[in-house]
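Data file: final-v9.txt. Format and content: compact mmCIF, C-alpha atoms and all ligand atoms.
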# COMPACT_ATOMS: atom_id res chain seq x y z
CA MET A 63 -22.45 -6.22 11.84
CA GLU A 64 -21.51 -3.35 9.52
CA ARG A 65 -18.04 -1.94 10.02
CA GLU A 66 -15.68 0.35 8.23
CA LEU A 67 -13.28 -1.79 6.20
CA ASP A 68 -9.73 -1.55 7.44
CA ASN A 69 -8.45 -3.12 4.26
CA THR A 70 -9.72 -5.29 1.49
CA ASN A 71 -10.45 -8.86 2.46
CA TYR A 72 -9.67 -10.15 -1.06
CA GLY A 73 -12.99 -12.04 -1.11
CA LEU A 74 -11.61 -14.63 1.26
CA GLU A 75 -14.85 -15.32 3.15
CA LYS A 76 -14.99 -18.90 1.88
CA ILE A 77 -11.47 -19.73 3.04
CA PHE A 78 -12.20 -18.33 6.47
CA GLU A 79 -15.40 -20.25 7.05
CA GLY A 80 -13.40 -22.35 9.48
CA ALA A 81 -12.38 -19.32 11.51
CA GLN A 82 -14.31 -18.60 14.69
CA ASP A 83 -15.93 -15.32 15.51
CA PHE A 84 -15.38 -15.18 19.26
CA LEU A 85 -12.75 -12.48 18.58
CA PRO A 86 -14.08 -10.09 15.92
CA LEU A 87 -11.27 -7.71 14.89
CA LEU A 88 -12.03 -4.43 13.13
CA GLY A 89 -8.44 -3.83 12.05
CA THR A 90 -4.98 -2.91 13.29
CA ASP A 91 -5.27 0.00 15.73
CA TYR A 92 -1.57 0.90 16.08
CA ILE A 93 1.92 -0.55 16.31
CA GLU A 94 4.08 0.52 19.23
CA PHE A 95 7.86 0.37 19.12
CA TYR A 96 10.07 0.50 22.19
CA VAL A 97 13.12 2.49 21.14
CA GLY A 98 16.27 4.05 22.59
CA ASN A 99 15.35 7.58 21.52
CA ALA A 100 11.72 8.21 20.58
CA LYS A 101 12.28 11.81 19.50
CA GLN A 102 14.81 10.74 16.89
CA ALA A 103 12.83 7.65 15.84
CA ALA A 104 9.73 9.81 15.22
CA HIS A 105 11.85 12.20 13.14
CA PHE A 106 13.11 9.24 11.07
CA TYR A 107 9.61 7.90 10.33
CA LYS A 108 8.46 11.41 9.34
CA THR A 109 11.48 12.24 7.22
CA ALA A 110 12.16 8.89 5.57
CA PHE A 111 8.68 7.30 5.40
CA GLY A 112 6.40 10.36 5.24
CA PHE A 113 4.49 9.76 8.48
CA GLN A 114 2.68 12.81 9.93
CA SER A 115 2.76 14.09 13.51
CA LEU A 116 -0.40 13.04 15.36
CA ALA A 117 -0.10 12.87 19.15
CA TYR A 118 2.37 13.13 22.03
CA ARG A 119 2.69 12.08 25.66
CA GLY A 120 5.65 13.01 27.84
CA LEU A 121 6.90 15.08 30.76
CA GLU A 122 4.85 18.09 29.59
CA THR A 123 1.64 16.04 29.81
CA GLY A 124 2.46 14.53 33.19
CA SER A 125 4.02 11.27 31.96
CA LYS A 126 7.01 10.80 34.27
CA GLU A 127 8.19 7.34 33.19
CA SER A 128 8.08 7.34 29.40
CA VAL A 129 7.64 9.49 26.32
CA SER A 130 5.62 8.52 23.24
CA TYR A 131 5.27 10.13 19.82
CA VAL A 132 2.43 9.00 17.54
CA VAL A 133 2.78 9.35 13.78
CA LYS A 134 0.20 8.54 11.14
CA GLN A 135 -0.09 7.89 7.41
CA GLY A 136 -3.22 6.55 5.70
CA LYS A 137 -4.74 4.20 8.29
CA ILE A 138 -1.38 3.34 9.85
CA LYS A 139 -0.47 4.65 13.29
CA LEU A 140 3.00 4.07 14.75
CA VAL A 141 3.83 4.86 18.37
CA LEU A 142 7.49 5.44 19.27
CA THR A 143 8.06 5.04 23.00
CA THR A 144 11.17 5.44 25.11
CA ALA A 145 12.01 5.24 28.84
CA LEU A 146 12.81 8.26 31.01
CA ASN A 147 14.81 6.37 33.61
CA SER A 148 16.91 3.24 34.11
CA GLN A 149 14.24 1.46 36.18
CA SER A 150 11.80 1.26 33.29
CA SER A 151 10.73 -2.06 31.76
CA ILE A 152 10.77 -0.18 28.44
CA GLY A 153 14.50 0.40 28.88
CA GLU A 154 15.00 -3.26 29.76
CA HIS A 155 13.18 -4.24 26.57
CA VAL A 156 15.43 -1.98 24.50
CA LYS A 157 18.54 -3.27 26.26
CA LYS A 158 17.67 -6.86 25.36
CA HIS A 159 16.12 -6.51 21.91
CA GLY A 160 17.30 -3.16 20.59
CA ASP A 161 14.58 -1.02 18.97
CA GLY A 162 11.63 -3.18 17.97
CA VAL A 163 7.90 -3.78 17.98
CA LYS A 164 6.47 -4.31 21.44
CA ILE A 165 2.74 -3.93 20.80
CA ILE A 166 0.48 -4.90 17.93
CA ALA A 167 -2.72 -3.17 19.00
CA LEU A 168 -5.93 -4.53 17.52
CA TRP A 169 -9.09 -2.50 17.16
CA VAL A 170 -12.08 -4.26 18.71
CA GLU A 171 -15.72 -3.60 19.51
CA ASP A 172 -15.45 -4.98 23.06
CA SER A 173 -12.08 -5.08 24.81
CA LYS A 174 -13.19 -6.94 27.92
CA LYS A 175 -14.88 -9.67 25.88
CA SER A 176 -11.76 -10.00 23.67
CA TYR A 177 -9.64 -10.37 26.79
CA ASP A 178 -11.98 -12.84 28.51
CA GLU A 179 -12.36 -15.02 25.39
CA THR A 180 -8.61 -15.26 24.75
CA ILE A 181 -7.63 -15.74 28.40
CA LYS A 182 -10.26 -18.49 28.67
CA ARG A 183 -8.54 -20.20 25.73
CA GLY A 184 -5.10 -20.09 27.30
CA ALA A 185 -3.60 -16.65 26.58
CA ARG A 186 -1.14 -15.19 29.08
CA SER A 187 -2.31 -11.86 30.48
CA TYR A 188 -0.35 -8.66 29.82
CA LEU A 189 -2.98 -6.09 30.89
CA ASN A 190 -6.34 -6.58 32.61
CA PRO A 191 -9.22 -4.62 30.99
CA THR A 192 -8.58 -0.99 31.93
CA THR A 193 -10.73 2.08 31.23
CA GLU A 194 -9.03 5.42 30.51
CA LYS A 195 -10.86 8.73 30.18
CA ASP A 196 -10.32 12.32 29.19
CA GLU A 197 -12.50 15.14 27.88
CA PHE A 198 -13.00 13.29 24.56
CA GLY A 199 -14.57 10.21 26.13
CA LYS A 200 -13.26 6.84 27.22
CA ILE A 201 -11.43 3.84 25.83
CA VAL A 202 -11.00 0.34 27.18
CA LYS A 203 -7.75 -1.54 26.66
CA SER A 204 -6.55 -5.00 27.63
CA GLY A 205 -3.76 -7.23 26.40
CA ILE A 206 -2.20 -10.66 26.06
CA TYR A 207 1.29 -11.89 25.24
CA THR A 208 2.04 -13.57 21.92
CA TYR A 209 5.48 -14.86 20.70
CA GLY A 210 8.59 -13.62 22.51
CA GLU A 211 7.86 -10.48 24.54
CA THR A 212 5.45 -9.19 21.89
CA VAL A 213 1.95 -8.17 22.97
CA HIS A 214 -1.51 -7.90 21.41
CA LEU A 215 -3.57 -5.11 22.94
CA PHE A 216 -7.33 -4.98 22.38
CA ILE A 217 -8.40 -1.34 21.95
CA GLU A 218 -12.07 -0.40 22.24
CA ARG A 219 -12.61 3.19 21.14
CA LYS A 220 -16.31 3.40 20.22
CA ASN A 221 -16.87 5.96 23.02
CA TYR A 222 -13.84 8.09 22.19
CA SER A 223 -13.43 11.04 19.82
CA GLY A 224 -9.88 12.24 20.64
CA GLU A 225 -6.87 12.20 18.30
CA PHE A 226 -5.37 9.01 19.71
CA LEU A 227 -5.81 7.81 23.30
CA PRO A 228 -6.50 9.50 26.66
CA GLY A 229 -3.28 10.93 28.09
CA PHE A 230 -2.02 12.08 24.68
CA ILE A 231 -2.20 15.60 23.33
CA LYS A 232 -2.29 16.63 19.69
CA TRP A 233 1.26 16.92 18.36
CA GLU A 234 1.57 20.17 16.43
CA SER A 235 4.84 20.27 14.53
CA ARG A 236 6.43 22.87 12.30
CA TYR A 237 8.12 20.05 10.38
CA ASN A 238 5.70 18.18 8.14
CA PRO A 239 7.36 16.35 5.23
CA PRO A 240 4.93 15.15 2.54
CA LEU A 241 3.28 11.71 2.49
CA VAL A 242 4.67 8.90 0.31
CA GLY A 243 1.39 7.06 -0.33
CA LEU A 244 1.41 4.42 2.43
CA LYS A 245 -2.21 3.28 2.99
CA TYR A 246 -2.68 0.46 5.51
CA ILE A 247 -0.99 -2.56 7.04
CA ASP A 248 -1.28 -5.54 4.73
CA HIS A 249 0.35 -8.08 7.05
CA MET A 250 2.84 -8.33 9.91
CA VAL A 251 5.29 -11.19 10.12
CA GLY A 252 6.62 -12.83 13.27
CA ASN A 253 9.78 -14.90 13.57
CA VAL A 254 9.37 -17.71 16.09
CA GLY A 255 12.08 -19.94 17.51
CA TRP A 256 13.41 -23.31 16.35
CA GLY A 257 10.68 -25.96 16.44
CA GLU A 258 8.05 -23.47 17.66
CA MET A 259 6.04 -22.97 14.47
CA ASN A 260 3.31 -25.45 15.23
CA THR A 261 2.96 -24.23 18.81
CA TRP A 262 2.25 -20.71 17.55
CA VAL A 263 0.01 -21.85 14.67
CA LYS A 264 -2.04 -23.73 17.23
CA TRP A 265 -1.99 -20.73 19.59
CA TYR A 266 -3.39 -18.39 16.90
CA GLU A 267 -6.01 -21.01 15.99
CA GLU A 268 -7.11 -21.85 19.50
CA VAL A 269 -6.61 -18.58 21.40
CA MET A 270 -7.39 -16.03 18.66
CA GLY A 271 -9.69 -18.09 16.38
CA PHE A 272 -7.42 -17.56 13.35
CA VAL A 273 -7.01 -20.01 10.45
CA ASN A 274 -3.85 -21.14 8.69
CA PHE A 275 -4.58 -20.39 5.03
CA LEU A 276 -1.17 -20.72 3.37
CA SER A 277 1.94 -22.76 4.23
CA PHE A 278 5.41 -22.98 2.75
CA ASP A 279 7.97 -25.51 3.90
CA ASP A 280 11.74 -25.52 3.73
CA LYS A 281 11.61 -27.48 0.47
CA GLN A 282 9.81 -24.57 -1.17
CA ILE A 283 11.71 -21.78 0.60
CA HIS A 284 15.42 -22.32 0.38
CA THR A 285 18.55 -21.12 -1.32
CA ASP A 286 21.88 -22.90 -1.61
CA TYR A 287 22.63 -21.74 1.94
CA SER A 288 19.57 -21.31 4.10
CA ALA A 289 15.96 -22.32 4.49
CA LEU A 290 12.83 -21.38 6.40
CA MET A 291 9.25 -22.44 6.94
CA SER A 292 6.35 -20.01 6.79
CA LYS A 293 2.66 -20.28 7.68
CA VAL A 294 0.13 -17.50 7.17
CA MET A 295 -2.47 -17.03 9.91
CA SER A 296 -5.55 -14.90 9.28
CA ASN A 297 -8.48 -13.80 11.38
CA GLY A 298 -12.05 -14.58 10.32
CA ASN A 299 -12.69 -11.53 8.15
CA GLY A 300 -9.23 -11.59 6.54
CA ARG A 301 -8.28 -8.09 7.73
CA ILE A 302 -5.52 -9.25 10.07
CA LYS A 303 -2.84 -11.49 8.60
CA PHE A 304 0.13 -12.71 10.61
CA PRO A 305 2.53 -14.93 8.67
CA LEU A 306 4.90 -16.80 11.00
CA ASN A 307 8.44 -17.90 10.10
CA GLU A 308 10.56 -20.59 11.68
CA PRO A 309 14.22 -21.12 10.76
CA ALA A 310 15.17 -24.40 9.09
CA LYS A 311 18.55 -26.03 8.84
CA GLY A 312 20.66 -24.95 5.89
CA LYS A 313 24.36 -24.93 5.07
CA LYS A 314 24.72 -21.47 6.62
CA ARG A 315 22.87 -19.22 9.05
CA SER A 316 19.45 -18.27 7.71
CA GLN A 317 18.07 -14.73 7.99
CA ILE A 318 15.52 -15.98 10.54
CA GLU A 319 18.30 -17.38 12.69
CA GLU A 320 20.20 -14.11 12.32
CA TYR A 321 17.10 -12.22 13.49
CA LEU A 322 16.63 -14.50 16.52
CA ASP A 323 20.29 -14.09 17.46
CA PHE A 324 20.20 -10.30 17.30
CA TYR A 325 16.70 -9.70 18.70
CA GLU A 326 17.57 -12.29 21.33
CA SER A 327 14.06 -13.76 21.12
CA PRO A 328 11.17 -14.26 18.73
CA GLY A 329 9.61 -11.00 17.55
CA VAL A 330 8.18 -9.02 14.66
CA GLN A 331 10.32 -9.48 11.54
CA HIS A 332 8.60 -7.20 9.06
CA ILE A 333 5.63 -4.91 8.61
CA ALA A 334 4.11 -4.93 5.13
CA ILE A 335 2.44 -1.69 4.12
CA ALA A 336 0.12 -1.34 1.15
CA THR A 337 0.34 1.39 -1.46
CA ASP A 338 -1.69 1.81 -4.63
CA ASN A 339 1.27 3.15 -6.61
CA ILE A 340 4.42 1.31 -5.64
CA ILE A 341 6.55 3.00 -8.30
CA GLU A 342 5.80 6.48 -6.98
CA THR A 343 6.03 5.39 -3.33
CA VAL A 344 9.40 3.67 -3.80
CA LYS A 345 10.83 6.60 -5.78
CA LYS A 346 9.89 8.93 -2.91
CA LEU A 347 11.22 6.59 -0.21
CA LYS A 348 14.52 6.20 -2.05
CA SER A 349 14.89 9.94 -2.48
CA ARG A 350 14.32 10.30 1.26
CA GLY A 351 17.07 7.89 2.19
CA VAL A 352 15.27 4.57 2.72
CA ASP A 353 17.58 1.69 1.78
CA PHE A 354 16.09 -1.29 -0.02
CA LEU A 355 17.47 -4.74 -0.78
CA SER A 356 19.27 -4.84 -4.09
CA ALA A 357 17.62 -6.02 -7.30
CA PRO A 358 17.73 -9.67 -8.33
CA PRO A 359 19.71 -10.47 -11.50
CA LEU A 360 18.49 -9.47 -14.95
CA GLU A 361 17.28 -13.05 -15.53
CA TYR A 362 14.59 -12.49 -12.89
CA TYR A 363 13.09 -9.61 -14.87
CA LYS A 364 13.36 -11.44 -18.19
CA GLU A 365 11.21 -14.24 -16.74
CA ILE A 366 8.41 -11.95 -15.54
CA PRO A 367 6.18 -12.36 -18.65
CA LYS A 368 6.41 -16.15 -18.29
CA ARG A 369 5.67 -16.04 -14.56
CA LEU A 370 2.73 -13.68 -14.96
CA GLY A 371 1.21 -15.65 -17.81
CA SER A 372 -2.32 -14.42 -18.55
CA HIS A 373 -2.00 -11.61 -15.96
CA MET A 374 0.68 -10.01 -18.14
CA LYS A 375 -1.97 -8.27 -20.24
CA MET A 376 -3.36 -6.43 -17.20
CA MET A 377 0.09 -5.30 -16.09
CA LYS A 378 0.45 -1.53 -16.41
CA GLU A 379 3.95 -1.19 -15.01
CA ASP A 380 7.02 -1.06 -17.20
CA ILE A 381 9.35 -3.98 -16.40
CA SER A 382 12.49 -1.94 -16.95
CA GLU A 383 11.23 0.64 -14.44
CA LEU A 384 10.53 -2.12 -11.91
CA GLN A 385 14.02 -3.43 -12.46
CA GLU A 386 15.55 0.00 -12.03
CA LEU A 387 13.77 0.38 -8.69
CA ALA A 388 14.44 -3.29 -7.67
CA ILE A 389 10.69 -3.98 -7.27
CA LEU A 390 9.75 -7.68 -7.27
CA VAL A 391 6.73 -9.21 -9.02
CA ASP A 392 4.74 -12.33 -8.20
CA ALA A 393 1.46 -13.81 -9.41
CA ASP A 394 -1.20 -16.29 -8.36
CA GLU A 395 -4.49 -17.39 -9.96
CA GLU A 396 -6.24 -14.13 -9.02
CA GLY A 397 -3.71 -11.60 -10.21
CA TYR A 398 -0.26 -10.22 -9.53
CA LEU A 399 1.49 -8.26 -6.83
CA LEU A 400 4.46 -5.92 -6.63
CA GLN A 401 6.65 -5.80 -3.56
CA ILE A 402 9.97 -4.55 -2.24
CA PHE A 403 11.78 -4.93 1.07
CA THR A 404 13.81 -2.37 3.00
CA LYS A 405 17.03 -3.18 4.74
CA PRO A 406 16.64 -3.44 8.54
CA VAL A 407 15.73 -0.04 10.00
CA GLU A 408 17.91 -0.44 13.10
CA ASP A 409 21.59 -1.30 13.54
CA ARG A 410 20.74 -4.79 14.72
CA PRO A 411 19.67 -6.78 11.62
CA THR A 412 16.10 -7.23 12.89
CA LEU A 413 12.92 -5.39 11.84
CA PHE A 414 12.42 -4.25 8.25
CA PHE A 415 9.50 -3.03 6.12
CA GLU A 416 7.85 -4.35 2.98
CA ILE A 417 5.99 -2.13 0.54
CA ILE A 418 3.31 -4.04 -1.38
CA GLN A 419 0.84 -3.27 -4.14
CA ARG A 420 -1.75 -5.94 -4.81
CA MET A 421 -3.21 -6.20 -8.28
CA GLY A 422 -5.63 -9.00 -7.45
CA ALA A 423 -3.10 -11.45 -6.01
CA ARG A 424 -3.64 -12.47 -2.39
CA GLY A 425 -0.40 -14.34 -1.80
CA PHE A 426 2.72 -13.09 -0.09
CA GLY A 427 5.25 -13.25 -2.89
CA ALA A 428 6.27 -16.91 -2.51
CA GLY A 429 7.58 -16.81 -6.07
CA ASN A 430 10.02 -14.13 -4.93
CA PHE A 431 11.27 -15.86 -1.82
CA LYS A 432 14.32 -17.30 -3.52
CA ALA A 433 15.35 -14.02 -5.16
CA LEU A 434 14.63 -12.19 -1.93
CA PHE A 435 16.65 -14.52 0.25
CA GLU A 436 19.59 -14.45 -2.09
CA SER A 437 19.52 -10.68 -1.80
CA ILE A 438 19.34 -10.90 2.01
CA GLU A 439 22.24 -13.38 2.00
CA ARG A 440 24.37 -10.86 0.11
CA GLU A 441 23.64 -8.43 2.97
CA GLN A 442 24.38 -11.10 5.57
CA ALA A 443 27.68 -11.85 3.88
CA ASN A 444 28.51 -8.11 4.14
CA ARG A 445 27.68 -8.21 7.84
CA GLY A 446 29.72 -11.39 8.36
CA THR A 447 26.62 -13.12 9.77
CA LEU A 448 25.89 -15.68 7.05
FE FE2 D 501 5.65 -9.97 3.73

As structure tokens - that is how I would like this structure written.
Ligand code: FE2
Amino acid sequence: MERELDNTNYGLEKIFEGAQDFLPLLGTDYIEFYVGNAKQAAHFYKTAFGFQSLAYRGLETGSKESVSYVVKQGKIKLVLTTALNSQSSIGEHVKKHGDGVKIIALWVEDSKKSYDETIKRGARSYLNPTTEKDEFGKIVKSGIYTYGETVHLFIERKNYSGEFLPGFIKWESRYNPPLVGLKYIDHMVGNVGWGEMNTWVKWYEEVMGFVNFLSFDDKQIHTDYSALMSKVMSNGNGRIKFPLNEPAKGKKRSQIEEYLDFYESPGVQHIAIATDNIIETVKKLKSRGVDFLSAPPLEYYKEIPKRLGSHMKMMKEDISELQELAILVDADEEGYLLQIFTKPVEDRPTLFFEIIQRMGARGFGAGNFKALFESIEREQANRGTL
């Protein structure tokens, strides 16, 4: 079947031969956050991250229980949703977890089939297949629970031509800050609880037909203080990648443990967004108030030519500029990648963003884990949560 590519699949077809095609996914449709104040959250993502106003649903459109703002940049759509009364399950979610990702919506050809296939394989239902209509056509949505209280919705929109979904109106705003070059979602990482990694790896394999194509254990990912395990799950065409983290015992509290304590359950840890010019994107984000983790020591940057080896000759970026911006570099056999991580974007130390530029590499920056975690531990020490 021919489809519009949601992102590059890095030529991974061979690796994913083991994946099953009972759940073909066309891409990420949107990510929905449950937040305390959607109006202000939407303003933040526009101002700080350069998202554009797209759609709105609220009291004015007949929505009595909740309000949602949809913002867009490149192929990424974020939905910021808040409750309008104290009875709402949205409010309960925010009370327990703080602001965070509730829904990872996946774009599918056939929502009912996606639901039936995953329920048959053991998924827990969140939403039975439901058709919604307006003057632009109809969509079908259905959903299942994944880790914690997080949900995967299956969105079928082949018979719909509206801006977002039925029930939403176009959001016309006088305030339209410029884009920062964010293109698409590269991967989304979930933190699962102690001892739960293999349960969720198996769940993604059996229920969603994903394959585990990369694994890191606590011997590879550790600092003097903390450790974690990480396994990367991918769907059959490589467009959807969900790395999973599990805390491991260290001398002090790891960042995964800190997340689980503050989110009060497993949940989405970070959203990695691709750009094709990380230097320009990061300069813009910094000028607009986005806080990033601090740079690793000078030694890290001195070792880059050695770590990149033969890829060094294709590297266009200036190492001193990367250092100035605190951008990290990693390489694998295929090429290199540039990445940087924001500080958490809420007061609870939970969800954060990664900005990534792939120059052939298909890994996730394993070579940076140590430098990254040491930087996070400096933040944890500041928070008194290490
Ligand atoms: Fe990542």

Could you list, as a PyMOL selection string, all the residues within 9 Å of ligand FE2 501 (chain D), counting all atoms listed in the file? chain A and resi 248-251+305+332-335+401+403+415-418+426-427

Do you have the CA of Ala185 (chain A)-CA of Lys137 (chain A) distance handy?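 Separation between CA of Ala185 (chain A) and CA of Lys137 (chain A): 27.8 Å.
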
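Between CA of Thr212 (chain A) and CA of Leu355 (chain A) there is a distance of 26.0 Å.
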
Need to verify the contact set: Glu94 (chain A), 10 Å, all atoms listed in the file, exclusion of same-chain residues closer than 4 positions in sequence. Can you return it as number ranges by chain? A: 130-132, 139-143, 162-167, 213

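Residues in contact with Thr337 (chain A) at up to 10 Å, not including ones fewer than 3 positions away on its chain and judged by all atoms listed in the file, are Gly136, Val242, Gly243, Leu244, Lys245, Tyr246, Ile247, Asp248, Ala334, Ile340, Ile341, Glu342, Thr343, Val344, Leu400, Gln401, Ile417, Ile418, Gln419 and Arg420 of chain A.
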
Compare A:Asp83, A:Val254, A:Leu168, A:Thr447 by their minimum atom-to-atom distance to Ile302 (chain A), counting all atoms listed in the file, and give me the closest one.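 Going through A:Asp83, A:Val254, A:Leu168, A:Thr447 one by one, the smallest distance to Ile302 (chain A) is for A:Leu168.
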
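Shortest atom-to-atom contact with Leu322 (chain A) among A:Glu308, A:Asp380, A:Asp91, A:Glu154: A:Glu308, counting only C-alpha atoms.
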
Please report the interatomic distance between CA of Leu399 (chain A) and CA of Met421 (chain A) in Å with one decimal.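 Spanning CA of Leu399 (chain A) to CA of Met421 (chain A) is a straight-line distance of 5.3 Å.
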
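Neighbouring residues of Gly429 (chain A) at 9 Å or closer, counting only C-alpha atoms and skipping chain neighbours under 5 positions away, are Arg369, Val391, Asp392 and Ala393 of chain A.
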
Please produce a file of the residues just selected, as a PDB file, in the coordinates of the input, where the atoms kept are C-alpha atoms.
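Now in part-v4.pdb:
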ATOM      1  CA  ARG A 369       5.670 -16.040 -14.560  1.00  0.00           C
ATOM      2  CA  VAL A 391       6.730  -9.210  -9.020  1.00  0.00           C
ATOM      3  CA  ASP A 392       4.740 -12.330  -8.200  1.00  0.00           C
ATOM      4  CA  ALA A 393       1.460 -13.810  -9.410  1.00  0.00           C
TER       5      ALA A 393
END

Nearest-residue call for Asn430 (chain A), choices A:Gln282, A:Thr109, A:Ser296, A:Ser316, using only C-alpha atoms: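 The closest residue to Asn430 (chain A) is A:Gln282.
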
Which of these residues is nearest to Glu218 (chain A), using all atoms listed in the file: A:Gln331, A:Ser173, A:Gln135, A:Ser187?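 Closest candidate: A:Ser173.
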
Counting only C-alpha atoms, closest pick from A:Thr192, A:Gln317, A:Thr412, A:Ser288 relative to Gln442 (chain A) is A:Gln317

Leaving out Gly153 (chain A) and any residue of its chain fewer than 5 positions from it, which residues lie within 9 Å of it when counting only C-alpha atoms, given as a PDB file with C-alpha atoms, in the frame of the given file?
ATOM      1  CA  TYR A  96      10.070   0.500  22.190  1.00  0.00           C
ATOM      2  CA  VAL A  97      13.120   2.490  21.140  1.00  0.00           C
ATOM      3  CA  GLY A  98      16.270   4.050  22.590  1.00  0.00           C
ATOM      4  CA  THR A 144      11.170   5.440  25.110  1.00  0.00           C
ATOM      5  CA  ALA A 145      12.010   5.240  28.840  1.00  0.00           C
ATOM      6  CA  LEU A 146      12.810   8.260  31.010  1.00  0.00           C
ATOM      7  CA  ASN A 147      14.810   6.370  33.610  1.00  0.00           C
ATOM      8  CA  SER A 148      16.910   3.240  34.110  1.00  0.00           C
ATOM      9  CA  LYS A 158      17.670  -6.860  25.360  1.00  0.00           C
TER      10      LYS A 158
END

Spatial neighbours of Phe216 (chain A), max dist 12 Å, all atoms listed in the file, sep filter under 5 positions, as number ranges by chain: A: 85-93, 165-180, 187-193, 201-207, 270

Between A:Ala110, A:Gly397, A:Phe435, A:Lys281, which residue has the minimum interatomic distance to Met374 (chain A), considering only C-alpha atoms?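 Distance minimum relative to Met374 (chain A) lands on A:Gly397.
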
Quick one: residues within 7 Å of (-14.2, 14.6, 21.7) (file frame), counting only C-alpha atoms, please, as a PyMOL selection string. chain A and resi 197-199+222-224

Create the file for the chosen residues now, containing C-alpha atoms and written as a compact mmCIF listing (two decimals), keeping the file's coordinate frame.
# COMPACT_ATOMS: atom_id res chain seq x y z
CA GLU A 197 -12.50 15.14 27.88
CA PHE A 198 -13.00 13.29 24.56
CA GLY A 199 -14.57 10.21 26.13
CA TYR A 222 -13.84 8.09 22.19
CA SER A 223 -13.43 11.04 19.82
CA GLY A 224 -9.88 12.24 20.64

Would you kindly place N, CA, C and O atoms on region 179-191 of chain A and return the model as a PDB file, in the frame of the given file?
ATOM      1  N   GLU A 179     -12.306 -13.876  26.317  1.00  0.00           N
ATOM      2  CA  GLU A 179     -12.360 -15.020  25.390  1.00  0.00           C
ATOM      3  C   GLU A 179     -10.970 -15.603  25.143  1.00  0.00           C
ATOM      4  O   GLU A 179     -10.812 -16.817  25.031  1.00  0.00           O
ATOM      5  N   THR A 180      -9.948 -14.741  25.042  1.00  0.00           N
ATOM      6  CA  THR A 180      -8.610 -15.260  24.750  1.00  0.00           C
ATOM      7  C   THR A 180      -7.948 -15.835  25.996  1.00  0.00           C
ATOM      8  O   THR A 180      -7.273 -16.858  25.931  1.00  0.00           O
ATOM      9  N   ILE A 181      -8.182 -15.202  27.143  1.00  0.00           N
ATOM     10  CA  ILE A 181      -7.630 -15.740  28.400  1.00  0.00           C
ATOM     11  C   ILE A 181      -8.244 -17.112  28.684  1.00  0.00           C
ATOM     12  O   ILE A 181      -7.535 -18.060  29.042  1.00  0.00           O
ATOM     13  N   LYS A 182      -9.544 -17.215  28.471  1.00  0.00           N
ATOM     14  CA  LYS A 182     -10.260 -18.490  28.670  1.00  0.00           C
ATOM     15  C   LYS A 182      -9.639 -19.598  27.820  1.00  0.00           C
ATOM     16  O   LYS A 182      -9.605 -20.752  28.205  1.00  0.00           O
ATOM     17  N   ARG A 183      -9.110 -19.209  26.655  1.00  0.00           N
ATOM     18  CA  ARG A 183      -8.540 -20.200  25.730  1.00  0.00           C
ATOM     19  C   ARG A 183      -7.038 -20.392  25.912  1.00  0.00           C
ATOM     20  O   ARG A 183      -6.373 -20.988  25.074  1.00  0.00           O
ATOM     21  N   GLY A 184      -6.499 -19.793  26.977  1.00  0.00           N
ATOM     22  CA  GLY A 184      -5.100 -20.090  27.300  1.00  0.00           C
ATOM     23  C   GLY A 184      -4.097 -18.974  27.103  1.00  0.00           C
ATOM     24  O   GLY A 184      -2.894 -19.191  27.264  1.00  0.00           O
ATOM     25  N   ALA A 185      -4.552 -17.766  26.757  1.00  0.00           N
ATOM     26  CA  ALA A 185      -3.600 -16.650  26.580  1.00  0.00           C
ATOM     27  C   ALA A 185      -3.010 -16.246  27.921  1.00  0.00           C
ATOM     28  O   ALA A 185      -3.645 -16.387  28.964  1.00  0.00           O
ATOM     29  N   ARG A 186      -1.786 -15.718  27.880  1.00  0.00           N
ATOM     30  CA  ARG A 186      -1.140 -15.190  29.080  1.00  0.00           C
ATOM     31  C   ARG A 186      -1.420 -13.689  29.157  1.00  0.00           C
ATOM     32  O   ARG A 186      -1.210 -12.963  28.187  1.00  0.00           O
ATOM     33  N   SER A 187      -1.875 -13.250  30.327  1.00  0.00           N
ATOM     34  CA  SER A 187      -2.310 -11.860  30.480  1.00  0.00           C
ATOM     35  C   SER A 187      -1.128 -10.887  30.457  1.00  0.00           C
ATOM     36  O   SER A 187      -0.090 -11.128  31.065  1.00  0.00           O
ATOM     37  N   TYR A 188      -1.316  -9.758  29.767  1.00  0.00           N
ATOM     38  CA  TYR A 188      -0.350  -8.660  29.820  1.00  0.00           C
ATOM     39  C   TYR A 188      -0.989  -7.473  30.551  1.00  0.00           C
ATOM     40  O   TYR A 188      -0.342  -6.804  31.338  1.00  0.00           O
ATOM     41  N   LEU A 189      -2.284  -7.231  30.286  1.00  0.00           N
ATOM     42  CA  LEU A 189      -2.980  -6.090  30.890  1.00  0.00           C
ATOM     43  C   LEU A 189      -4.454  -6.448  31.087  1.00  0.00           C
ATOM     44  O   LEU A 189      -5.136  -6.792  30.116  1.00  0.00           O
ATOM     45  N   ASN A 190      -4.917  -6.374  32.334  1.00  0.00           N
ATOM     46  CA  ASN A 190      -6.340  -6.580  32.610  1.00  0.00           C
ATOM     47  C   ASN A 190      -7.134  -5.455  31.940  1.00  0.00           C
ATOM     48  O   ASN A 190      -6.602  -4.353  31.760  1.00  0.00           O
ATOM     49  N   PRO A 191      -8.418  -5.695  31.608  1.00  0.00           N
ATOM     50  CA  PRO A 191      -9.220  -4.620  30.990  1.00  0.00           C
ATOM     51  C   PRO A 191      -9.178  -3.358  31.855  1.00  0.00           C
ATOM     52  O   PRO A 191      -9.418  -3.407  33.051  1.00  0.00           O
TER      53      PRO A 191
END
